[in-house]
$ cat upload_33.tsv   # TSV, C-alpha atoms
chain	number	residue	atom	x	y	z
A	29	MET	CA	5.88	24.22	-19.46
A	30	ASN	CA	3.48	22.06	-21.46
A	31	THR	CA	5.02	18.98	-19.86
A	32	VAL	CA	4.16	20.28	-16.40
A	33	LYS	CA	0.64	21.12	-17.55
A	34	GLN	CA	0.25	17.67	-19.04
A	35	PHE	CA	1.26	16.19	-15.69
A	36	ILE	CA	-0.76	18.45	-13.43
A	37	GLN	CA	-4.01	18.29	-15.39
A	38	PRO	CA	-4.58	14.54	-14.87
A	39	VAL	CA	-3.59	14.85	-11.21
A	40	VAL	CA	-6.12	17.63	-10.63
A	41	ALA	CA	-8.74	15.68	-12.59
A	42	SER	CA	-8.04	12.56	-10.49
A	43	MET	CA	-8.36	14.53	-7.27
A	44	LEU	CA	-11.66	16.05	-8.40
A	45	PHE	CA	-12.87	12.59	-9.34
A	46	LEU	CA	-11.90	11.26	-5.90
A	47	ILE	CA	-13.73	14.09	-4.18
A	48	LEU	CA	-16.85	13.56	-6.26
A	49	ALA	CA	-16.63	9.80	-5.85
A	50	GLY	CA	-16.41	10.32	-2.13
A	51	CYS	CA	-19.55	12.42	-2.12
A	52	ALA	CA	-21.43	9.79	-4.07
A	53	SER	CA	-20.32	6.76	-2.12
A	54	SER	CA	-22.18	5.18	0.76
A	55	GLY	CA	-21.32	2.51	3.30
A	56	PRO	CA	-22.32	1.07	6.61
A	57	THR	CA	-22.85	3.66	9.33
A	58	PHE	CA	-23.21	3.30	13.10
A	59	SER	CA	-26.98	3.47	12.91
A	60	GLN	CA	-27.17	0.91	10.11
A	61	MET	CA	-25.20	-1.86	11.73
A	62	GLN	CA	-26.11	-4.15	14.60
A	63	ALA	CA	-23.51	-6.31	16.25
A	64	SER	CA	-24.11	-10.03	16.35
A	65	PRO	CA	-22.98	-12.20	19.28
A	66	LEU	CA	-19.39	-13.38	19.24
A	67	ALA	CA	-18.97	-17.05	18.33
A	68	ALA	CA	-17.01	-19.36	20.61
A	69	ASN	CA	-13.23	-19.30	20.29
A	70	THR	CA	-13.16	-16.13	18.23
A	71	GLY	CA	-12.30	-12.52	18.88
A	72	ARG	CA	-13.69	-9.41	17.23
A	73	ILE	CA	-11.97	-6.43	15.66
A	74	TYR	CA	-14.03	-3.29	15.16
A	75	VAL	CA	-12.76	-0.88	12.55
A	76	TYR	CA	-14.35	2.56	12.56
A	77	ARG	CA	-13.90	6.09	11.36
A	78	THR	CA	-15.54	9.04	13.04
A	79	ASN	CA	-13.62	11.92	11.53
A	80	VAL	CA	-15.13	13.27	8.31
A	81	LEU	CA	-11.95	15.16	7.39
A	82	GLY	CA	-10.85	13.94	3.97
A	83	ALA	CA	-14.24	12.30	3.45
A	84	ALA	CA	-13.50	11.71	-0.20
A	85	ILE	CA	-10.58	9.47	0.68
A	86	GLN	CA	-12.00	6.06	1.46
A	87	PRO	CA	-9.34	3.42	0.95
A	88	SER	CA	-9.96	-0.28	1.43
A	89	VAL	CA	-9.12	-1.69	4.82
A	90	LYS	CA	-7.14	-4.90	4.65
A	91	LEU	CA	-6.67	-7.59	7.24
A	92	ASP	CA	-3.46	-9.48	6.55
A	93	GLY	CA	-3.59	-8.22	2.98
A	94	VAL	CA	-7.22	-9.19	2.31
A	95	THR	CA	-9.83	-6.45	1.91
A	96	VAL	CA	-12.41	-6.59	4.69
A	97	GLY	CA	-14.08	-3.18	4.34
A	98	ASP	CA	-13.72	0.47	3.43
A	99	ALA	CA	-12.72	3.51	5.47
A	100	VAL	CA	-16.14	5.19	5.32
A	101	PRO	CA	-16.49	8.36	7.45
A	102	GLN	CA	-18.93	7.85	10.33
A	103	GLY	CA	-18.94	4.18	9.48
A	104	TYR	CA	-17.71	1.00	11.02
A	105	PHE	CA	-17.56	-2.72	10.51
A	106	PHE	CA	-16.20	-5.67	12.38
A	107	VAL	CA	-14.52	-8.94	11.61
A	108	ASP	CA	-14.53	-12.03	13.80
A	109	ARG	CA	-11.38	-14.08	13.68
A	110	PRO	CA	-9.74	-16.96	15.55
A	111	PRO	CA	-7.15	-15.99	18.17
A	112	GLY	CA	-3.82	-14.97	16.69
A	113	SER	CA	-1.80	-12.07	15.33
A	114	TYR	CA	-3.16	-9.73	12.69
A	115	LYS	CA	-2.15	-6.72	10.66
A	116	ILE	CA	-4.69	-4.14	9.56
A	117	SER	CA	-3.64	-1.78	6.81
A	118	THR	CA	-4.87	0.99	4.57
A	119	GLU	CA	-3.23	2.27	1.43
A	120	THR	CA	-3.47	5.66	-0.19
A	121	GLU	CA	-0.18	7.10	-1.39
A	122	VAL	CA	1.49	5.27	1.50
A	123	ASP	CA	0.75	2.13	3.50
A	124	ARG	CA	-0.35	2.50	7.10
A	125	THR	CA	-0.46	-0.56	9.33
A	126	VAL	CA	-1.37	-1.52	12.86
A	127	SER	CA	-0.41	-4.91	14.25
A	128	LEU	CA	-2.33	-6.51	17.09
A	129	THR	CA	-3.01	-9.78	18.84
A	130	LEU	CA	-6.47	-11.23	19.37
A	131	GLU	CA	-7.51	-13.60	22.13
A	132	PRO	CA	-10.67	-15.69	22.45
A	133	GLY	CA	-13.60	-13.45	23.41
A	134	GLN	CA	-11.45	-10.33	23.11
A	135	VAL	CA	-12.75	-7.25	21.30
A	136	ARG	CA	-10.25	-4.85	19.76
A	137	TYR	CA	-10.97	-1.41	18.34
A	138	VAL	CA	-9.14	0.16	15.43
A	139	ARG	CA	-9.89	3.79	14.60
A	140	LEU	CA	-9.12	5.16	11.15
A	141	ASP	CA	-7.58	8.62	11.46
A	142	PRO	CA	-7.18	10.93	8.48
A	143	SER	CA	-4.04	13.00	8.06
A	144	ILE	CA	-2.58	15.24	5.41
A	145	GLY	CA	-0.67	13.66	2.55
A	146	PHE	CA	1.01	15.08	-0.49
A	147	PHE	CA	-1.37	14.27	-3.34
A	148	VAL	CA	-3.91	12.31	-1.32
A	149	GLY	CA	-4.67	12.31	2.40
A	150	HIS	CA	-3.56	9.36	4.52
A	151	ILE	CA	-5.86	7.18	6.54
A	152	SER	CA	-4.03	5.59	9.46
A	153	PRO	CA	-5.40	2.67	11.50
A	154	VAL	CA	-4.82	3.24	15.21
A	155	LEU	CA	-5.44	0.77	18.01
A	156	VAL	CA	-7.58	2.38	20.72
A	157	GLU	CA	-8.82	1.46	24.17
A	158	GLN	CA	-12.34	0.13	24.45
A	159	ALA	CA	-13.35	3.18	26.50
A	160	GLN	CA	-12.24	5.56	23.80
A	161	ALA	CA	-13.85	3.47	21.08
A	162	GLN	CA	-17.25	4.04	22.67
A	163	LEU	CA	-17.02	7.73	22.00
A	164	PRO	CA	-18.29	7.89	18.39
A	165	LEU	CA	-21.78	9.26	18.11
A	166	SER	CA	-24.52	7.08	16.67
A	167	GLY	CA	-26.74	9.84	15.37
A	168	ALA	CA	-27.35	13.54	15.58
A	169	GLY	CA	-26.55	13.75	19.30
A	170	ALA	CA	-23.70	15.43	21.13
A	171	LEU	CA	-21.37	13.88	23.67
A	172	VAL	CA	-20.25	15.27	27.00
A	173	THR	CA	-17.28	13.73	28.78
A	174	ILE	CA	-16.80	14.60	32.45
A	175	TYR	CA	-13.43	13.81	33.98
A	176	ARG	CA	-11.11	14.24	36.92
A	177	THR	CA	-7.34	14.55	36.87
A	178	ASP	CA	-4.77	14.03	39.63
A	179	ASP	CA	-6.59	16.13	42.22
A	180	HIS	CA	-5.32	14.15	45.24
A	181	THR	CA	-8.86	13.71	46.48
A	182	HIS	CA	-9.84	10.12	46.92
A	183	ASP	CA	-13.61	10.42	47.25
A	184	LEU	CA	-15.86	9.34	44.42
A	185	VAL	CA	-18.01	12.11	43.02
A	186	THR	CA	-21.51	11.37	41.75
A	187	VAL	CA	-22.34	13.31	38.60
A	188	SER	CA	-25.74	13.60	37.00
A	189	CYS	CA	-27.03	15.23	33.84
A	190	ASP	CA	-30.64	16.41	33.58
A	191	GLY	CA	-31.36	14.67	36.88
A	192	GLU	CA	-30.14	11.30	35.62
A	193	ARG	CA	-27.07	9.80	37.23
A	194	VAL	CA	-24.13	9.49	34.83
A	195	ALA	CA	-21.45	7.87	37.01
A	196	GLN	CA	-19.39	8.00	40.16
A	197	ILE	CA	-16.10	9.47	39.06
A	198	GLY	CA	-12.84	8.89	40.91
A	199	GLU	CA	-9.44	10.50	40.52
A	200	ARG	CA	-8.16	10.12	36.93
A	201	GLN	CA	-11.47	8.75	35.73
A	202	TYR	CA	-14.04	9.93	33.26
A	203	ALA	CA	-17.59	9.22	32.12
A	204	SER	CA	-19.40	10.12	28.92
A	205	LYS	CA	-23.02	10.72	28.14
A	206	GLU	CA	-24.75	11.31	24.84
A	207	LEU	CA	-26.97	14.39	24.80
A	208	THR	CA	-29.72	15.34	22.43
A	209	PRO	CA	-29.27	18.76	20.76
A	210	GLY	CA	-30.52	21.53	23.04
A	211	ALA	CA	-30.11	22.77	26.60
A	212	HIS	CA	-28.87	20.44	29.35
A	213	SER	CA	-27.45	20.73	32.81
A	214	CYS	CA	-24.88	18.52	34.51
A	215	GLN	CA	-23.89	18.72	38.14
A	216	VAL	CA	-22.40	17.15	41.21
A	217	GLU	CA	-25.09	16.44	43.77
A	218	GLY	CA	-25.87	19.59	45.75
A	219	GLU	CA	-23.52	21.77	43.70
A	220	LYS	CA	-24.00	24.43	41.10
A	221	ALA	CA	-25.10	23.02	37.72
A	222	LEU	CA	-23.13	23.44	34.52
A	223	ALA	CA	-25.34	24.50	31.60
A	224	ILE	CA	-24.54	22.96	28.23
A	225	VAL	CA	-26.28	23.91	25.01
A	226	ALA	CA	-25.52	20.83	22.93
A	227	VAL	CA	-25.12	21.00	19.18
A	228	GLY	CA	-25.48	17.73	17.25
A	229	GLY	CA	-22.19	16.09	16.38
A	230	GLU	CA	-20.20	18.14	18.89
A	231	GLU	CA	-18.16	16.79	21.79
A	232	TYR	CA	-17.89	18.64	25.08
A	233	TYR	CA	-15.46	18.12	27.92
A	234	ALA	CA	-16.06	19.20	31.50
A	235	ARG	CA	-13.47	18.93	34.24
A	236	LEU	CA	-14.34	18.32	37.87
A	237	HIS	CA	-12.42	20.70	40.13
A	238	PRO	CA	-12.26	20.06	43.89
A	239	ARG	CA	-12.70	23.02	46.23
A	240	ASP	CA	-12.22	23.14	50.00
A	241	SER	CA	-10.11	19.95	49.89
A	242	GLY	CA	-12.77	18.04	48.02
A	243	LYS	CA	-15.73	19.07	50.15
A	244	LYS	CA	-17.17	20.95	47.19
A	245	TRP	CA	-16.88	20.36	43.48
A	246	GLU	CA	-17.11	22.56	40.46
A	247	LEU	CA	-17.74	21.51	36.86
A	248	LYS	CA	-16.00	23.61	34.22
A	249	LEU	CA	-16.11	23.29	30.45
A	250	VAL	CA	-12.65	22.94	28.90
A	251	THR	CA	-11.38	22.86	25.35
A	252	ALA	CA	-11.56	19.66	23.33
A	253	VAL	CA	-7.75	19.49	23.24
A	254	GLU	CA	-7.44	19.77	27.02
A	255	GLY	CA	-10.24	17.27	27.53
A	256	GLU	CA	-8.92	14.73	25.03
A	257	ASN	CA	-5.44	14.87	26.55
A	258	ALA	CA	-6.79	14.32	30.04
A	259	VAL	CA	-9.11	11.49	29.02
A	260	ALA	CA	-6.28	9.75	27.14
A	261	THR	CA	-4.53	9.10	30.46
A	262	ALA	CA	-7.65	8.38	32.49
A	263	GLU	CA	-9.84	5.32	32.84
A	264	MET	CA	-13.56	5.00	32.40
A	265	ALA	CA	-15.53	5.29	35.64
A	266	SER	CA	-17.97	2.56	36.58
A	267	GLN	CA	-21.57	3.56	35.92
B	5	MET	CA	23.61	29.64	-16.71
B	6	GLN	CA	19.98	29.64	-17.78
B	7	VAL	CA	17.78	26.92	-16.36
B	8	ASP	CA	15.08	25.51	-18.57
B	9	ARG	CA	11.65	26.15	-17.02
B	10	ARG	CA	10.45	22.63	-17.80
B	11	GLN	CA	13.49	21.11	-16.11
B	12	LEU	CA	12.99	23.39	-13.11
B	13	GLY	CA	9.31	22.43	-12.91
B	14	CYS	CA	10.13	18.74	-13.10
B	15	ALA	CA	12.86	19.13	-10.46
B	16	ILE	CA	10.45	20.88	-8.07
B	17	LEU	CA	7.81	18.24	-8.73
B	18	CYS	CA	10.28	15.39	-8.13
B	19	ALA	CA	11.52	17.01	-4.92
B	20	SER	CA	7.94	17.42	-3.76
B	21	VAL	CA	7.09	13.81	-4.53
B	22	LEU	CA	10.18	12.65	-2.67
B	23	ALA	CA	9.23	14.89	0.23
B	24	GLY	CA	5.83	13.23	0.14
B	25	CYS	CA	7.55	9.87	0.42
B	26	ALA	CA	9.12	11.14	3.64
B	27	PHE	CA	5.75	10.55	5.32
B	28	ASP	CA	6.58	6.90	5.29
B	29	ILE	CA	10.19	6.65	6.37
B	30	ILE	CA	9.91	6.75	10.14
B	31	SER	CA	9.92	3.20	11.34
B	32	ILE	CA	10.53	1.60	14.68
B	33	LYS	CA	13.95	0.01	15.03
B	34	GLN	CA	13.31	-3.70	15.47
B	35	MET	CA	15.50	-6.73	16.04
B	36	PRO	CA	14.30	-10.34	15.87
B	37	VAL	CA	14.29	-12.13	19.22
B	38	ASP	CA	13.57	-15.56	20.60
B	39	PHE	CA	10.56	-15.30	22.93
B	40	GLN	CA	10.27	-17.92	25.67
B	41	PRO	CA	6.75	-17.91	27.18
B	42	THR	CA	6.44	-18.16	30.94
B	43	ALA	CA	5.20	-21.50	32.18
B	44	GLY	CA	2.76	-21.71	35.09
B	45	SER	CA	1.88	-18.85	37.41
B	46	SER	CA	3.75	-15.68	36.64
B	47	GLN	CA	5.31	-12.81	38.53
B	48	GLY	CA	3.23	-9.63	38.72
B	49	TRP	CA	3.50	-6.07	39.93
B	50	THR	CA	1.73	-2.72	39.92
B	51	LEU	CA	3.26	0.37	38.40
B	52	ASP	CA	3.68	3.04	41.08
B	53	GLN	CA	4.08	6.09	38.86
B	54	ASP	CA	3.38	7.27	35.35
B	55	THR	CA	6.30	6.29	33.15
B	56	LYS	CA	7.12	7.51	29.69
B	57	VAL	CA	9.26	5.16	27.64
B	58	ILE	CA	11.08	6.89	24.81
B	59	LEU	CA	12.23	5.17	21.65
B	60	ARG	CA	14.93	6.35	19.29
B	61	GLN	CA	12.34	6.68	16.54
B	62	GLY	CA	8.64	7.17	16.90
B	63	PHE	CA	6.44	8.46	19.69
B	64	ALA	CA	7.02	7.93	23.38
B	65	THR	CA	4.82	5.30	25.03
B	66	SER	CA	3.10	6.26	28.29
B	67	LEU	CA	2.55	3.64	30.97
B	68	LYS	CA	-0.10	4.56	33.52
B	69	LYS	CA	0.34	4.57	37.26
B	70	GLY	CA	-1.74	1.85	38.93
B	71	THR	CA	-1.69	-0.58	36.01
B	72	ASN	CA	-1.11	-4.24	36.86
B	73	TRP	CA	1.44	-6.22	34.90
B	74	ARG	CA	2.15	-9.92	34.68
B	75	GLN	CA	5.10	-11.69	33.21
B	76	VAL	CA	4.29	-13.55	30.02
B	77	GLY	CA	7.75	-14.54	28.90
B	78	ARG	CA	11.37	-13.75	28.54
B	79	ILE	CA	13.70	-12.61	25.77
B	80	GLU	CA	17.43	-12.05	25.73
B	81	GLN	CA	16.99	-8.39	26.73
B	82	GLY	CA	14.86	-9.09	29.82
B	83	ASP	CA	11.54	-10.25	31.23
B	84	VAL	CA	8.44	-9.55	29.15
B	85	PHE	CA	5.35	-8.14	30.88
B	86	ARG	CA	1.89	-7.27	29.65
B	87	THR	CA	-1.11	-5.53	31.12
B	88	THR	CA	-4.79	-5.56	30.35
B	89	ASP	CA	-5.33	-2.27	32.20
B	90	GLN	CA	-4.22	-0.08	29.34
B	91	LEU	CA	-3.37	-0.34	25.71
B	92	VAL	CA	0.36	-0.57	25.06
B	93	ALA	CA	1.67	0.09	21.58
B	94	VAL	CA	4.69	1.63	19.93
B	95	GLU	CA	4.14	3.96	17.04
B	96	ALA	CA	6.01	5.73	14.27
B	97	SER	CA	4.58	5.63	10.75
B	98	ASN	CA	2.87	2.40	11.76
B	99	GLN	CA	1.57	1.18	15.09
B	100	HIS	CA	2.48	-2.09	16.79
B	101	GLU	CA	0.98	-3.71	19.87
B	102	ALA	CA	3.77	-4.06	22.42
B	103	TYR	CA	4.70	-5.78	25.67
B	104	LEU	CA	7.08	-4.15	28.14
B	105	VAL	CA	10.56	-5.58	28.62
B	106	VAL	CA	12.11	-5.04	32.05
B	107	ASN	CA	15.64	-5.84	33.15
B	108	LYS	CA	16.79	-5.08	36.72
B	109	ASN	CA	13.91	-2.65	37.34
B	110	MET	CA	14.66	-0.77	34.13
B	111	ALA	CA	12.28	-0.62	31.19
B	112	VAL	CA	14.70	-1.52	28.42
B	113	GLY	CA	12.24	-1.62	25.53
B	114	PHE	CA	9.27	-3.44	24.08
B	115	TYR	CA	8.61	-6.86	22.67
B	116	LEU	CA	6.34	-6.74	19.63
B	117	PRO	CA	4.28	-9.95	19.76
B	118	VAL	CA	3.07	-9.82	16.16
B	119	GLU	CA	6.46	-9.16	14.64
B	120	HIS	CA	8.40	-11.24	17.24
B	121	THR	CA	10.91	-8.44	17.55
B	122	PHE	CA	12.40	-6.19	20.21
B	123	THR	CA	12.62	-2.41	20.05
B	124	PRO	CA	14.94	-0.72	22.57
B	125	ALA	CA	14.09	2.19	24.84
B	126	ASP	CA	16.45	5.11	24.41
B	127	PRO	CA	17.39	5.64	27.16
B	128	PRO	CA	16.21	2.78	29.39
B	129	ILE	CA	14.12	4.15	32.22
B	130	ALA	CA	13.59	3.00	35.81
B	131	VAL	CA	10.18	1.55	36.65
B	132	LYS	CA	8.91	1.90	40.20
B	133	THR	CA	6.71	-1.04	41.09
B	134	SER	CA	4.98	-2.74	43.97
B	135	PRO	CA	4.59	-6.52	44.06
B	136	ARG	CA	1.03	-7.83	43.72
$ encode --input "upload_33.tsv" --output "structure tokens"
Amino acid sequence: MNTVKQFIQPVVASMLFLILAGCASSGPTFSQMQASPLAANTGRIYVYRTNVLGAAIQPSVKLDGVTVGDAVPQGYFFVDRPPGSYKISTETEVDRTVSLTLEPGQVRYVRLDPSIGFFVGHISPVLVEQAQAQLPLSGAGALVTIYRTDDHTHDLVTVSCDGERVAQIGERQYASKELTPGAHSCQVEGEKALAIVAVGGEEYYARLHPRDSGKKWELKLVTAVEGENAVATAEMASQ
Amino acid sequence: MQVDRRQLGCAILCASVLAGCAFDIISIKQMPVDFQPTAGSSQGWTLDQDTKVILRQGFATSLKKGTNWRQVGRIEQGDVFRTTDQLVAVEASNQHEAYLVVNKNMAVGFYLPVEHTFTPADPPIAVKTSPR
């Protein structure tokens, strides 16, 4: 039994160290970084992490095997590279890799998603659409995403929040707006408003439902899971 | 038979570690291919309905209705198309950017441009398209 103890004790100590190290570490955050213009004949790869789950686990992020940054929760960085093929990887107890191509002037987004591991959590790089990559919050605000599904109604619907136009949303489209913490209202012109009491750091999803064959519209709050699934197969509406 | 507690502990620990390794064993089946890029103007079409392409290993890849595709090349398994209207990738333990491979109106798999490999759809699935 002593052998097991001898093995487990350093593992537990290492995990505690990692957790404490995670608490003490700092890195670039959304509010600290400003993007510079893209140089000619290069593309840009943004690497970001919004999820604070497993915050103590902050592996290095490698581009073709060379460290270019760390997986800091609520942080991001970017690298500019010539057009070509690249592999972005993270390593905890396993390697996780995403491979992508980069064209001149192209901007790619790689999100770092935490997941459960055995001894240590995994951080997986995932290629995401530009529209989804704009979702991370820059500060203490909340985010509301308003979307439509396959409702077989072809009209565009103008949505506003707090009297300010957000977007015209078509079938299978969505639009997002950052809200300050507190009470807000979003609505389709001339329709009943949806009240949202926004809490900083939270994301809200509201679905547009057509009534009377699209003559009237209703905004309903849905769960994050339902909203995320719907937005994943929708496109961003023009502003 | 009496099992030594230390041995049992070590066995459980080893099994657990091996189980942990299982996180990393799902990989996309890939075969090297010779990619011939398309010269000049290329054939294009619009996808008429949502299509889910299933691979033997890994997650299914969803192709969205209304996305526009253009031919960028050809491999032995079929014509290679890409779109800029949605992100296309295949994913198991790792994720790979992917181009769609179509043969006789069937999505037969994906070409992985970074790895220069082909991964087959299982089963191939019909794609309904309109010419652009």
$ interface_residues --input "upload_33.tsv" --of "chain B" --to "chain A" --cutoff "6 Å" --atoms "all atoms listed in the file" --output "PDB file with C-alpha atoms, in the coordinates of the input"
ATOM      1  CA  ARG B  10      10.450  22.630 -17.800  1.00  0.00           C
ATOM      2  CA  GLY B  24       5.830  13.230   0.140  1.00  0.00           C
ATOM      3  CA  LEU B  91      -3.370  -0.340  25.710  1.00  0.00           C
ATOM      4  CA  ASN B  98       2.870   2.400  11.760  1.00  0.00           C
ATOM      5  CA  GLN B  99       1.570   1.180  15.090  1.00  0.00           C
ATOM      6  CA  HIS B 100       2.480  -2.090  16.790  1.00  0.00           C
ATOM      7  CA  GLU B 101       0.980  -3.710  19.870  1.00  0.00           C
ATOM      8  CA  VAL B 118       3.070  -9.820  16.160  1.00  0.00           C
TER       9      VAL B 118
END
$ residues_around --input "upload_33.tsv" --residues "region 130-137 of chain A" --least-positions-apart "3" --cutoff "6 Å" --atoms "only C-alpha atoms" --output "MDAnalysis selection string"
chainID A and resid 69:74 111:112 155:156
$ atom_distance --input "upload_33.tsv" --atom1 "CA of Ala96 (chain B)" --atom2 "CA of Arg139 (chain A)"
16.0 Å
$ residues_around --input "upload_33.tsv" --residues "Gln47 (chain B)" --least-positions-apart "5" --cutoff "9 Å" --atoms "only C-alpha atoms" --output "PyMOL selection string"
chain B and resi 73-76+85+135-136
$ closest_residue --input "upload_33.tsv" --among "B:Pro124, B:Ser97, B:Ser31, B:Ala102" --to "Ser143 (chain A)" --atoms "only C-alpha atoms"
B:Ser97
$ axis_aligned_box --input "upload_33.tsv" --around "region 220-229 of chain A" --padding-each-side "8 Å" --output "lines of an AutoDock Vina configuration file"
center_x = -24.2
center_y = 20.3
center_z = 28.7
size_x = 20.1
size_y = 24.4
size_z = 40.7
$ residues_around --input "upload_33.tsv" --residues "region 238-249 of chain A" --least-positions-apart "5" --cutoff "12 Å" --atoms "all atoms listed in the file" --output "ChimeraX atom specification"
/A:172-189,197-199,213-225,231-233,254-255
$ write_last_selection --input "upload_33.tsv" --atoms "C-alpha atoms" --output "mmCIF file, in the frame of the given file"
data_model
loop_
_atom_site.group_PDB
_atom_site.id
_atom_site.type_symbol
_atom_site.label_atom_id
_atom_site.label_comp_id
_atom_site.auth_asym_id
_atom_site.auth_seq_id
_atom_site.Cartn_x
_atom_site.Cartn_y
_atom_site.Cartn_z
ATOM 1 C CA VAL A 172 -20.250 15.270 27.000
ATOM 2 C CA THR A 173 -17.280 13.730 28.780
ATOM 3 C CA ILE A 174 -16.800 14.600 32.450
ATOM 4 C CA TYR A 175 -13.430 13.810 33.980
ATOM 5 C CA ARG A 176 -11.110 14.240 36.920
ATOM 6 C CA THR A 177 -7.340 14.550 36.870
ATOM 7 C CA ASP A 178 -4.770 14.030 39.630
ATOM 8 C CA ASP A 179 -6.590 16.130 42.220
ATOM 9 C CA HIS A 180 -5.320 14.150 45.240
ATOM 10 C CA THR A 181 -8.860 13.710 46.480
ATOM 11 C CA HIS A 182 -9.840 10.120 46.920
ATOM 12 C CA ASP A 183 -13.610 10.420 47.250
ATOM 13 C CA LEU A 184 -15.860 9.340 44.420
ATOM 14 C CA VAL A 185 -18.010 12.110 43.020
ATOM 15 C CA THR A 186 -21.510 11.370 41.750
ATOM 16 C CA VAL A 187 -22.340 13.310 38.600
ATOM 17 C CA SER A 188 -25.740 13.600 37.000
ATOM 18 C CA CYS A 189 -27.030 15.230 33.840
ATOM 19 C CA ILE A 197 -16.100 9.470 39.060
ATOM 20 C CA GLY A 198 -12.840 8.890 40.910
ATOM 21 C CA GLU A 199 -9.440 10.500 40.520
ATOM 22 C CA SER A 213 -27.450 20.730 32.810
ATOM 23 C CA CYS A 214 -24.880 18.520 34.510
ATOM 24 C CA GLN A 215 -23.890 18.720 38.140
ATOM 25 C CA VAL A 216 -22.400 17.150 41.210
ATOM 26 C CA GLU A 217 -25.090 16.440 43.770
ATOM 27 C CA GLY A 218 -25.870 19.590 45.750
ATOM 28 C CA GLU A 219 -23.520 21.770 43.700
ATOM 29 C CA LYS A 220 -24.000 24.430 41.100
ATOM 30 C CA ALA A 221 -25.100 23.020 37.720
ATOM 31 C CA LEU A 222 -23.130 23.440 34.520
ATOM 32 C CA ALA A 223 -25.340 24.500 31.600
ATOM 33 C CA ILE A 224 -24.540 22.960 28.230
ATOM 34 C CA VAL A 225 -26.280 23.910 25.010
ATOM 35 C CA GLU A 231 -18.160 16.790 21.790
ATOM 36 C CA TYR A 232 -17.890 18.640 25.080
ATOM 37 C CA TYR A 233 -15.460 18.120 27.920
ATOM 38 C CA GLU A 254 -7.440 19.770 27.020
ATOM 39 C CA GLY A 255 -10.240 17.270 27.530
#
$ atom_distance --input "upload_33.tsv" --atom1 "CA of Gln102 (chain A)" --atom2 "CA of Ala84 (chain A)"
12.5 Å
$ atom_distance --input "upload_33.tsv" --atom1 "CA of Leu116 (chain B)" --atom2 "CA of Gly62 (chain B)"
14.4 Å
$ residues_around --input "upload_33.tsv" --residues "Val227 (chain A)" --least-positions-apart "6" --cutoff "7 Å" --atoms "only C-alpha atoms" --output "VMD selection string"
chain A and resid 170 209 to 210
